[in-house]
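Next comes input-v6.txt, with compact mmCIF, C-alpha atoms.
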# COMPACT_ATOMS: atom_id res chain seq x y z
CA MET A 1 -12.11 -244.17 24.77
CA LYS A 2 -15.17 -242.55 23.30
CA ARG A 3 -17.70 -240.76 25.46
CA SER A 4 -20.40 -243.34 24.65
CA GLU A 5 -18.19 -246.11 26.11
CA TYR A 6 -17.92 -244.22 29.42
CA ILE A 7 -21.69 -243.80 29.48
CA ILE A 8 -22.21 -247.56 28.86
CA GLY A 9 -19.76 -248.46 31.65
CA ILE A 10 -21.33 -246.10 34.19
CA GLY A 11 -24.80 -247.29 33.13
CA ILE A 12 -23.90 -250.94 33.77
CA ALA A 13 -22.45 -250.01 37.20
CA ILE A 14 -25.65 -248.15 38.17
CA VAL A 15 -27.88 -251.03 37.01
CA ILE A 16 -25.81 -253.54 39.05
CA ALA A 17 -26.00 -251.26 42.09
CA LEU A 18 -29.80 -251.01 41.79
CA ILE A 19 -30.24 -254.80 41.44
CA ALA A 20 -27.87 -255.37 44.37
CA TYR A 21 -29.87 -252.88 46.48
CA PHE A 22 -33.16 -254.68 45.82
CA ILE A 23 -31.67 -258.13 46.41
CA THR A 24 -30.21 -256.93 49.72
CA GLN A 25 -33.49 -255.36 50.84
CA ALA A 26 -35.37 -258.56 50.10
CA TRP A 27 -32.62 -260.45 52.04
CA ALA A 28 -32.64 -262.87 49.09
CA LEU A 29 -29.13 -264.28 49.47
CA GLY A 30 -29.16 -264.38 53.26
CA PRO A 31 -26.17 -263.10 55.22
CA ILE A 32 -23.21 -262.83 52.84
CA PRO A 33 -20.35 -263.20 53.52
CA PRO A 34 -21.18 -266.10 55.86
CA ARG A 35 -20.51 -265.63 59.57
CA ASP A 36 -19.62 -269.24 60.31
CA LEU A 37 -17.37 -271.86 58.75
CA ARG A 38 -18.78 -274.73 56.76
CA GLY A 39 -18.67 -278.07 58.55
CA ILE A 40 -15.97 -279.58 56.34
CA ALA A 41 -13.74 -276.52 56.79
CA SER A 42 -14.06 -276.71 60.59
CA PHE A 43 -13.12 -280.38 60.41
CA TYR A 44 -9.96 -279.64 58.38
CA LEU A 45 -8.91 -276.73 60.58
CA TYR A 46 -9.59 -278.62 63.78
CA SER A 47 -7.82 -281.89 62.94
CA MET A 48 -4.75 -280.82 60.93
CA MET A 49 -2.58 -279.89 63.95
CA ASN A 50 -4.46 -281.82 66.64
CA GLU A 51 -2.28 -284.75 67.71
CA LYS A 52 -5.23 -286.55 69.29
CA SER A 53 -7.20 -286.58 66.04
CA PRO A 54 -6.85 -289.63 63.76
CA PHE A 55 -6.69 -287.18 60.85
CA TYR A 56 -3.57 -285.43 62.15
CA VAL A 57 -1.42 -283.97 59.33
CA SER A 58 1.34 -282.22 61.30
CA SER A 59 1.24 -279.13 59.11
CA PRO A 60 -0.04 -275.78 60.43
CA GLU A 61 -0.83 -274.67 56.87
CA ALA A 62 -4.42 -275.68 56.10
CA VAL A 63 -4.19 -275.17 52.33
CA THR A 64 -1.17 -277.44 51.92
CA SER A 65 -2.69 -280.11 54.17
CA ILE A 66 -5.87 -280.13 52.09
CA LEU A 67 -3.92 -280.06 48.84
CA TRP A 68 -1.70 -283.06 49.54
CA ASP A 69 -3.45 -284.96 52.32
CA TYR A 70 -7.23 -284.57 52.62
CA ARG A 71 -7.70 -283.98 48.89
CA GLY A 72 -4.49 -285.64 47.76
CA LEU A 73 -6.07 -287.75 45.08
CA ASP A 74 -7.64 -284.64 43.48
CA THR A 75 -4.23 -283.00 43.33
CA LEU A 76 -2.67 -286.12 41.84
CA TYR A 77 -5.17 -286.01 38.98
CA GLU A 78 -4.75 -282.27 38.56
CA THR A 79 -1.01 -282.82 38.22
CA ALA A 80 -1.87 -285.37 35.53
CA VAL A 81 -3.89 -282.71 33.65
CA PHE A 82 -0.91 -280.33 33.86
CA PHE A 83 1.38 -283.12 32.60
CA LEU A 84 -0.87 -283.83 29.60
CA ALA A 85 -1.24 -280.14 28.69
CA ILE A 86 2.55 -279.68 28.55
CA ILE A 87 2.91 -282.94 26.59
CA GLY A 88 0.36 -281.58 24.09
CA ALA A 89 2.24 -278.29 23.75
CA VAL A 90 5.57 -280.09 23.19
CA THR A 91 3.95 -282.35 20.58
CA VAL A 92 2.61 -279.39 18.60
CA PHE A 93 6.03 -277.70 18.59
CA ARG A 94 8.18 -280.79 18.06
CA LEU A 95 11.37 -280.45 16.01
CA LEU A 96 12.83 -283.19 13.85
CA ARG A 97 16.59 -283.85 13.80
CA GLU A 98 17.04 -281.95 10.54
CA HIS A 99 15.15 -278.99 11.99
CA GLU A 100 17.43 -279.00 15.02
CA LYS A 101 20.35 -278.62 12.61
CA LYS A 102 18.75 -275.43 11.27
CA VAL A 103 18.59 -274.06 14.82
CA GLU A 104 22.31 -274.88 15.16
CA GLU A 105 23.06 -273.02 11.91
CA HIS A 106 21.12 -270.01 13.14
CA ARG A 107 23.12 -270.10 16.32
CA LYS A 108 26.45 -269.90 14.50
CA GLU A 109 25.30 -266.78 12.65
CA ILE A 110 24.84 -264.90 15.92
CA LYS A 111 28.17 -263.78 17.37
CA GLU A 112 27.16 -262.06 20.59
CA PRO A 113 23.82 -263.25 21.95
CA GLY A 114 21.83 -261.41 24.57
CA MET A 115 21.43 -257.79 25.51
CA THR A 116 24.05 -255.28 26.71
CA LEU A 117 26.56 -256.01 29.48
CA ILE A 118 24.54 -254.15 32.11
CA VAL A 119 21.40 -256.15 31.38
CA ARG A 120 23.31 -259.44 31.35
CA LEU A 121 24.97 -258.74 34.70
CA ILE A 122 21.72 -257.70 36.39
CA THR A 123 19.96 -260.74 34.89
CA LYS A 124 22.56 -263.05 36.40
CA LEU A 125 22.12 -261.45 39.83
CA THR A 126 18.32 -261.53 39.65
CA PHE A 127 18.37 -265.13 38.40
CA THR A 128 20.03 -266.27 41.63
CA ILE A 129 17.62 -264.29 43.80
CA ILE A 130 14.59 -265.76 42.01
CA MET A 131 15.93 -269.28 42.49
CA VAL A 132 16.38 -268.64 46.23
CA VAL A 133 12.86 -267.21 46.53
CA ALA A 134 11.39 -270.20 44.69
CA ALA A 135 13.27 -272.65 46.90
CA SER A 136 12.10 -270.83 50.01
CA ILE A 137 8.46 -270.86 48.86
CA ALA A 138 8.59 -274.57 48.06
CA LEU A 139 10.56 -275.76 51.11
CA HIS A 140 8.46 -273.75 53.61
CA GLY A 141 5.22 -274.89 51.98
CA GLN A 142 4.02 -276.86 54.99
CA ILE A 143 4.40 -274.05 57.55
CA THR A 144 3.90 -270.75 55.65
CA PRO A 145 1.81 -269.76 52.63
CA GLY A 146 3.28 -271.35 49.54
CA GLY A 147 3.99 -274.82 48.29
CA GLY A 148 4.97 -276.80 45.26
CA PHE A 149 2.73 -275.12 42.70
CA GLN A 150 3.63 -271.58 43.73
CA GLY A 151 7.33 -272.40 44.13
CA GLY A 152 7.35 -274.03 40.69
CA ALA A 153 5.67 -271.03 39.09
CA ALA A 154 8.26 -268.74 40.71
CA LEU A 155 11.07 -271.09 39.65
CA ALA A 156 9.93 -270.96 36.01
CA VAL A 157 10.40 -267.18 35.95
CA ALA A 158 14.20 -267.56 36.32
CA PRO A 159 14.83 -269.36 32.98
CA LEU A 160 12.33 -267.00 31.30
CA LEU A 161 14.36 -264.03 32.51
CA ALA A 162 17.59 -265.69 31.36
CA ILE A 163 16.11 -266.35 27.91
CA ALA A 164 15.05 -262.71 27.58
CA GLY A 165 18.24 -261.15 28.95
CA LEU A 166 20.97 -263.62 28.02
CA SER A 167 19.39 -265.34 24.97
CA ARG A 168 18.20 -268.88 24.46
CA TYR A 169 21.65 -270.06 23.39
CA PHE A 170 23.25 -269.00 26.67
CA VAL A 171 20.65 -271.03 28.59
CA GLU A 172 21.37 -274.03 26.36
CA ASP A 173 25.12 -273.67 26.89
CA VAL A 174 24.62 -273.77 30.65
CA GLY A 175 23.01 -277.16 30.10
CA LEU A 176 19.33 -276.41 30.30
CA LYS A 177 18.12 -277.84 27.00
CA GLU A 178 14.53 -278.81 26.25
CA LYS A 179 15.31 -282.46 26.73
CA THR A 180 16.99 -281.82 30.10
CA ALA A 181 13.99 -279.83 31.27
CA LEU A 182 11.61 -282.55 30.05
CA ALA A 183 13.67 -285.15 31.91
CA LEU A 184 13.62 -283.03 35.10
CA ARG A 185 9.86 -282.69 34.84
CA THR A 186 9.40 -286.42 34.38
CA LEU A 187 11.72 -286.98 37.34
CA GLY A 188 9.55 -284.71 39.51
CA LEU A 189 6.38 -286.54 38.51
CA THR A 190 8.03 -289.93 39.08
CA ILE A 191 9.02 -288.86 42.59
CA ILE A 192 5.39 -287.82 43.26
CA GLY A 193 4.22 -291.26 42.12
CA LEU A 194 6.89 -292.99 44.21
CA ILE A 195 6.02 -291.02 47.36
CA ALA A 196 2.41 -292.11 46.91
CA LEU A 197 3.47 -295.76 46.53
CA ILE A 198 6.25 -296.03 49.16
CA PRO A 199 3.88 -296.85 52.07
CA LEU A 200 2.32 -299.64 50.00
CA ILE A 201 5.75 -301.03 49.09
CA LEU A 202 6.86 -300.91 52.73
CA MET A 203 3.65 -302.71 53.71
CA SER A 204 5.02 -305.90 52.18
CA LEU A 205 7.55 -305.88 55.07
CA GLY A 206 4.70 -306.09 57.58
CA GLY A 207 2.35 -303.63 59.26
CA LEU A 208 -0.42 -301.49 57.87
CA ALA A 209 -0.14 -298.72 55.30
CA TYR A 210 -2.29 -297.13 52.62
CA PHE A 211 -1.88 -295.63 49.18
CA MET A 212 -0.83 -291.96 49.54
CA GLN A 213 -0.48 -292.36 53.29
CA ASN A 214 0.86 -289.19 54.85
CA LEU A 215 1.79 -290.09 58.44
CA PRO A 216 1.68 -293.37 60.31
CA LYS A 217 -1.85 -293.42 61.72
CA PRO A 218 -2.38 -294.32 65.40
CA TRP A 219 -3.98 -297.65 64.59
CA ALA A 220 -1.40 -298.61 61.96
CA LYS A 221 1.77 -299.50 63.87
CA TYR A 222 4.23 -298.67 61.14
CA ILE A 223 7.08 -296.37 60.21
CA GLY A 224 5.92 -293.71 57.74
CA PHE A 225 7.15 -290.31 56.69
CA PRO A 226 8.52 -288.15 59.53
CA GLU A 227 6.22 -285.62 61.19
CA TRP A 228 8.92 -283.43 62.78
CA LEU A 229 12.47 -282.57 61.77
CA LEU A 230 14.76 -280.39 63.91
CA GLY A 231 11.77 -279.01 65.80
CA VAL A 232 9.92 -277.96 62.65
CA PRO A 233 6.69 -279.67 61.55
CA LEU A 234 7.45 -281.54 58.35
CA GLY A 235 3.92 -282.68 57.58
CA GLY A 236 4.90 -286.24 56.70
CA SER A 237 4.90 -286.61 52.93
CA LEU A 238 3.80 -282.98 52.30
CA PHE A 239 7.38 -281.70 52.36
CA PHE A 240 8.52 -284.24 49.75
CA TYR A 241 5.45 -283.71 47.57
CA ASN A 242 6.13 -279.96 47.58
CA ILE A 243 9.74 -280.37 46.43
CA ALA A 244 8.78 -282.81 43.65
CA GLU A 245 5.86 -280.65 42.51
CA CYS A 246 8.07 -277.55 42.46
CA LEU A 247 10.53 -279.39 40.22
CA ALA A 248 7.79 -280.69 37.92
CA VAL A 249 5.97 -277.36 37.50
CA GLY A 250 9.16 -275.30 37.14
CA ALA A 251 10.73 -277.63 34.58
CA GLY A 252 7.39 -278.00 32.72
CA PHE A 253 7.08 -274.27 32.16
CA THR A 254 10.79 -274.04 31.29
CA VAL A 255 10.18 -276.47 28.40
CA VAL A 256 7.39 -274.22 27.16
CA PHE A 257 9.53 -271.06 27.37
CA LEU A 258 12.44 -272.75 25.59
CA LEU A 259 10.13 -273.89 22.78
CA LEU A 260 8.58 -270.42 22.47
CA SER A 261 12.01 -268.81 22.21
CA ILE A 262 12.98 -270.61 18.98
CA PRO A 263 13.27 -267.79 16.39
CA GLU A 264 10.19 -267.54 14.21
CA ASP A 265 12.09 -267.40 10.88
CA ILE A 266 13.44 -270.91 11.50
CA PHE A 267 9.88 -272.22 11.58
CA LYS A 268 9.12 -270.19 8.47
CA LYS A 269 12.04 -271.83 6.65
CA ILE A 270 10.93 -275.28 7.80
CA ILE A 271 7.35 -274.75 6.60
CA GLU A 272 8.52 -273.28 3.27
CA GLY A 273 10.85 -276.24 2.81
CA GLU A 274 8.02 -278.68 3.41
CA LYS A 275 5.82 -276.88 0.90
CA GLY A 276 8.63 -276.87 -1.69
CA GLU A 277 9.01 -280.63 -1.43
CA MET B 1 -28.75 -248.06 57.22
CA ASN B 2 -27.01 -250.40 59.60
CA GLU B 3 -23.64 -252.09 59.13
CA GLU B 4 -25.20 -255.44 58.27
CA PHE B 5 -27.08 -253.90 55.34
CA ILE B 6 -24.04 -252.09 53.92
CA VAL B 7 -21.84 -255.19 54.09
CA THR B 8 -24.46 -257.41 52.46
CA PHE B 9 -25.09 -254.76 49.79
CA LEU B 10 -21.39 -254.48 48.93
CA TRP B 11 -20.99 -258.25 48.71
CA THR B 12 -24.08 -258.59 46.53
CA TYR B 13 -22.63 -255.84 44.33
CA ILE B 14 -19.32 -257.74 44.01
CA TYR B 15 -21.08 -261.02 43.18
CA LEU B 16 -23.21 -259.34 40.51
CA THR B 17 -20.15 -257.60 39.04
CA LEU B 18 -18.38 -260.94 38.82
CA LEU B 19 -21.46 -262.38 37.07
CA VAL B 20 -21.38 -259.53 34.55
CA ILE B 21 -17.65 -260.12 33.92
CA LEU B 22 -18.40 -263.83 33.41
CA GLY B 23 -21.05 -262.86 30.87
CA LEU B 24 -18.64 -260.52 29.06
CA ALA B 25 -15.99 -263.26 28.96
CA ILE B 26 -18.44 -265.77 27.50
CA TYR B 27 -19.53 -263.12 24.97
CA GLY B 28 -15.85 -262.67 24.02
CA ILE B 29 -15.29 -266.41 23.63
CA VAL B 30 -18.38 -266.87 21.46
CA PHE B 31 -18.56 -263.75 19.31
CA ARG B 32 -14.98 -262.47 18.79
CA PRO B 33 -13.60 -263.92 15.56
CA ASN B 34 -9.90 -263.54 16.49
CA ILE B 35 -8.42 -266.51 18.34
CA ILE B 36 -6.12 -264.31 20.45
CA LYS B 37 -9.13 -262.34 21.69
CA LYS B 38 -10.90 -265.62 22.43
CA ILE B 39 -7.90 -266.73 24.52
CA ILE B 40 -7.86 -263.41 26.42
CA ALA B 41 -11.59 -263.82 27.14
CA LEU B 42 -10.94 -267.38 28.30
CA THR B 43 -8.28 -266.26 30.79
CA ILE B 44 -10.66 -263.55 32.07
CA LEU B 45 -13.31 -266.26 32.54
CA GLY B 46 -10.91 -268.43 34.52
CA ASP B 47 -9.69 -265.58 36.71
CA THR B 48 -13.24 -264.42 37.43
CA ALA B 49 -14.20 -267.94 38.50
CA ASN B 50 -11.14 -268.04 40.78
CA ILE B 51 -11.98 -264.69 42.40
CA PHE B 52 -15.54 -265.91 42.91
CA MET B 53 -14.19 -269.02 44.67
CA ILE B 54 -12.00 -266.91 46.97
CA TYR B 55 -14.98 -264.70 47.88
CA VAL B 56 -17.09 -267.78 48.64
CA GLY B 57 -14.42 -268.89 51.11
CA TYR B 58 -14.35 -265.55 52.95
CA ARG B 59 -15.95 -265.13 56.31
CA TYR B 60 -17.34 -262.03 58.02
CA THR B 61 -15.82 -261.96 61.46
CA TYR B 62 -13.32 -259.94 63.46
CA PRO B 63 -10.36 -260.48 63.56
CA VAL B 64 -10.25 -262.54 60.38
CA LYS B 65 -7.08 -264.59 59.77
CA PRO B 66 -5.62 -266.73 56.97
CA PRO B 67 -6.00 -270.50 57.53
CA ILE B 68 -2.52 -270.91 59.03
CA LEU B 69 -2.16 -272.01 62.63
CA TRP B 70 0.27 -269.78 64.55
CA SER B 71 1.13 -272.37 67.18
CA TRP B 72 2.91 -275.63 66.40
CA LYS B 73 1.84 -277.25 69.67
CA PRO B 74 -1.75 -276.04 70.00
CA ASN B 75 -3.91 -276.67 73.04
CA ALA B 76 -7.72 -276.67 73.05
CA THR B 77 -7.97 -272.88 73.59
CA VAL B 78 -5.71 -272.08 70.63
CA LEU B 79 -7.63 -274.44 68.36
CA ASP B 80 -10.94 -272.89 69.43
CA THR B 81 -9.68 -269.34 68.76
CA PHE B 82 -8.31 -270.50 65.42
CA LEU B 83 -11.68 -271.97 64.41
CA HIS B 84 -13.37 -268.66 65.27
CA GLN B 85 -10.95 -266.51 63.26
CA SER B 86 -9.84 -268.45 60.22
CA VAL B 87 -11.40 -268.26 56.75
CA ASP B 88 -12.43 -271.35 54.77
CA PRO B 89 -9.25 -273.01 53.37
CA LEU B 90 -10.96 -275.37 50.90
CA PRO B 91 -11.68 -272.83 48.09
CA GLN B 92 -8.11 -271.56 48.35
CA ALA B 93 -6.74 -275.08 47.89
CA LEU B 94 -8.94 -275.56 44.82
CA VAL B 95 -7.90 -272.19 43.35
CA ILE B 96 -4.16 -272.96 43.66
CA THR B 97 -4.41 -275.98 41.38
CA ALA B 98 -6.94 -274.24 39.13
CA ILE B 99 -4.47 -271.41 38.46
CA VAL B 100 -1.64 -273.74 37.42
CA ILE B 101 -3.92 -275.88 35.25
CA ASN B 102 -5.46 -272.77 33.71
CA LEU B 103 -1.95 -271.61 32.82
CA ALA B 104 -1.00 -274.99 31.31
CA VAL B 105 -4.19 -275.22 29.24
CA THR B 106 -3.73 -271.62 28.03
CA VAL B 107 -0.18 -272.51 26.98
CA LEU B 108 -1.50 -275.48 25.00
CA ILE B 109 -4.16 -273.35 23.25
CA CYS B 110 -1.60 -270.62 22.49
CA PHE B 111 0.76 -273.18 20.94
CA ILE B 112 -2.03 -274.49 18.72
CA ALA B 113 -2.91 -270.90 17.74
CA ILE B 114 0.73 -270.10 16.86
CA GLN B 115 0.98 -273.27 14.78
CA ALA B 116 -2.29 -272.44 12.98
CA TYR B 117 -0.96 -268.97 12.15
CA ARG B 118 2.30 -270.41 10.81
CA LEU B 119 0.50 -272.91 8.61
CA TYR B 120 -2.46 -270.86 7.40
CA GLY B 121 -1.37 -267.24 7.91
CA SER B 122 -4.52 -266.24 9.77
CA LEU B 123 -5.99 -266.27 13.26
CA ASP B 124 -9.53 -265.43 12.16
CA VAL B 125 -11.86 -268.36 12.82
CA ARG B 126 -13.94 -267.41 9.75
CA ASP B 127 -10.85 -267.99 7.57
CA LEU B 128 -9.85 -271.14 9.44
CA ALA B 129 -13.37 -272.59 9.07
CA LYS B 130 -13.05 -272.46 5.28
CA LEU B 131 -10.00 -274.75 5.30
CA LYS B 132 -10.53 -278.33 4.22
CA GLY B 133 -8.58 -281.40 5.22

Go through the file and emit its structure as structure tokens.
Amino acid sequence: MKRSEYIIGIGIAIVIALIAYFITQAWALGPIPPRDLRGIASFYLYSMMNEKSPFYVSSPEAVTSILWDYRGLDTLYETAVFFLAIIGAVTVFRLLREHEKKVEEHRKEIKEPGMTLIVRLITKLTFTIIMVVAASIALHGQITPGGGFQGGAALAVAPLLAIAGLSRYFVEDVGLKEKTALALRTLGLTIIGLIALIPLILMSLGGLAYFMQNLPKPWAKYIGFPEWLLGVPLGGSLFFYNIAECLAVGAGFTVVFLLLSIPEDIFKKIIEGEKGE
Amino acid sequence: MNEEFIVTFLWTYIYLTLLVILGLAIYGIVFRPNIIKKIIALTILGDTANIFMIYVGYRYTYPVKPPILWSWKPNATVLDTFLHQSVDPLPQALVITAIVINLAVTVLICFIAIQAYRLYGSLDVRDLAKLKG
């Protein structure tokens, strides 16, 4: 860095400090950070584990309860945005059948894929550990920090590591092809949709239920998702949403990593071939 | 200077710094000609917005705790203590989804950028703007 860049940086910091000092002296923003909770936050925190409240969630984790219960519809639409973004990425990188043959040819040229033996062995060990961590984050989502999104993001690191250390072709040989990952992702999203609809479907048998119902509410005499299992709060549908979301996010990013790992010269050949025609 | 003043000053300083970073990110998105630099600026913009959200949800109290209830069978006393110690969980819930969606959208933009480079051999928007069809 040049000396002038340091001077600009320090200058900006001093100007911000001066403005902040005057704002604070004028008490322009009031007391920040706030001393009290906002009303809606108190409501969430008070009712999520309070069995007497009609808005009982049976999950001690406030973030997960908001994510999948109080603001469940928001999350459903945000999952839809995620779904569409991955669909867009797959569409841009789509391969025709004849192009897939070129990938196969490239594969035969390579005799020993991946890095050295040490790296491959360590990658295999780490792969397992990452999977366990991801499962633990996703399955404990309703009682500890974590949940479907975070577990899925952690899960996606495992195939990425395998692609880097063991090569794309090893991952494909194990059975994790793009189409498998796409199918897994669609399966995860289908399960999310089904969990939202199950109470409505069961309603046809009698009783009261709602779309995206989490637990059976006190006034609706009906069997819903379980609130406790083996002495652990299950949070009704939260537990199942977390598993499905973990699958969807993890498999979605795996598709992206698999597409990114196609060697660049194959695409070059494809584009040159198209121009030649 | 009392404690109240110092705390408020530091938080005002952080808010203003975040505003400056937002401005720099918007500058990068608008004025940098290279698409990769635009994408980097976009991720900085998203992360700054997320940090801002987390700060908005913070609460100045002691002891301050994450919004996770420590008791699975709480009575009225536990719930009252919890309400006096926990931070606001709503911004955190919004940030979780925002991060994943940010990542997915960045992936989509990156894929389009890679494809543009393969087809046209350039990532400079001034070159790409000249293309027709």

Computed gap from atom CA of A:Ala158 to atom CA of A:Lys124 is 9.5 Å

Which residues, written as a PyMOL selection string, have at least one atom at most 7 Å from stretch 25-28 of chain B, with all atoms listed in the file counted and residues fewer than 3 positions away on the same chain left out?
-> chain B and resi 21-22+31-32+38+41-42+44-45

Write out as a tab-separated table a residue-level contact list of chain A versus chain B with cut-off 6 Å: for each qualifying residue the closest pair of atoms and the distance in Å to one decimal, counting all atoms listed in the file, rows sorted by chain and residue number upward.
residue	atom	partner	partner_atom	distance
A:Ala20	CA	B:Tyr13	CA	5.3
A:Thr24	CA	B:Phe9	CA	5.6
A:Ile32	CA	B:Thr8	CA	5.6
A:Pro33	CA	B:Tyr60	CA	5.5
A:Pro34	CA	B:Arg59	CA	5.3
A:Arg35	CA	B:Tyr60	CA	5.0
A:Ala41	CA	B:Asp88	CA	5.7
A:Pro60	CA	B:Leu69	CA	4.9
A:Glu61	CA	B:Ile68	CA	4.7
A:Ala62	CA	B:Pro67	CA	5.6
A:Val63	CA	B:Ala93	CA	5.1
A:Leu67	CA	B:Ala93	CA	5.8
A:Phe82	CA	B:Ile101	CA	5.5
A:Ala85	CA	B:Val105	CA	5.8
A:Ala89	CA	B:Leu108	CA	4.8

Here atom CA of B:Val30 and atom CA of B:Leu131 stand apart by 19.8 Å

Taken to one decimal, the atom CA of A:Ser58-atom CA of B:Pro63 distance is 24.8 Å

Could you pull the residues within 8 Å of A:Asp69, counting only C-alpha atoms, minus those fewer than 2 positions along the same chain, as a PDB file with C-alpha atoms, in the coordinates of the input?
ATOM      1  CA  VAL A  57      -1.420-283.970  59.330  1.00  0.00           C
ATOM      2  CA  THR A  64      -1.170-277.440  51.920  1.00  0.00           C
ATOM      3  CA  SER A  65      -2.690-280.110  54.170  1.00  0.00           C
ATOM      4  CA  ILE A  66      -5.870-280.130  52.090  1.00  0.00           C
ATOM      5  CA  LEU A  67      -3.920-280.060  48.840  1.00  0.00           C
ATOM      6  CA  ARG A  71      -7.700-283.980  48.890  1.00  0.00           C
ATOM      7  CA  GLY A  72      -4.490-285.640  47.760  1.00  0.00           C
ATOM      8  CA  MET A 212      -0.830-291.960  49.540  1.00  0.00           C
ATOM      9  CA  ASN A 214       0.860-289.190  54.850  1.00  0.00           C
ATOM     10  CA  LEU A 238       3.800-282.980  52.300  1.00  0.00           C
TER      11      LEU A 238
END

If you take all atoms listed in the file and a cut-off of 9 Å, which residues of stretch 60-132 of chain A touch stretch 256-271 of chain A, and what are their nearest atom pairs and distances in Å to one decimal, in chain and number order, as a tab-separated table?
residue	atom	partner	partner_atom	distance
A:Ile86	CA	A:Val256	CA	7.4
A:Ala89	CA	A:Val256	CA	7.4
A:Val90	CA	A:Val256	CA	7.3
A:Phe93	CA	A:Leu259	CA	7.0
A:Arg94	CA	A:Leu259	CA	8.6
A:His99	CA	A:Ile270	CA	7.0
A:Lys102	CA	A:Ile266	CA	7.0
A:Val103	CA	A:Ile266	CA	6.9
A:His106	CA	A:Ile266	CA	7.9

Closest of A:Ile110, A:Ile192, A:Ile23, A:Leu37 to B:Val64, counting all atoms listed in the file, is A:Leu37

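Nearest residue to B:Lys37 among B:Leu123, B:Val95, B:Tyr117, B:Thr77 is B:Leu123, counting all atoms listed in the file.
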
| Residue nearest B:Ile29 - candidates B:Glu3, B:Val125, B:Phe52, B:Lys132, atoms counted: all atoms listed in the file |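 Among the listed residues, the smallest separation from B:Ile29 belongs to B:Val125.
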
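Closest to B:Gly46 among B:Ala116, B:Ala129, B:Leu18, B:Val78 is B:Leu18, based on only C-alpha atoms.
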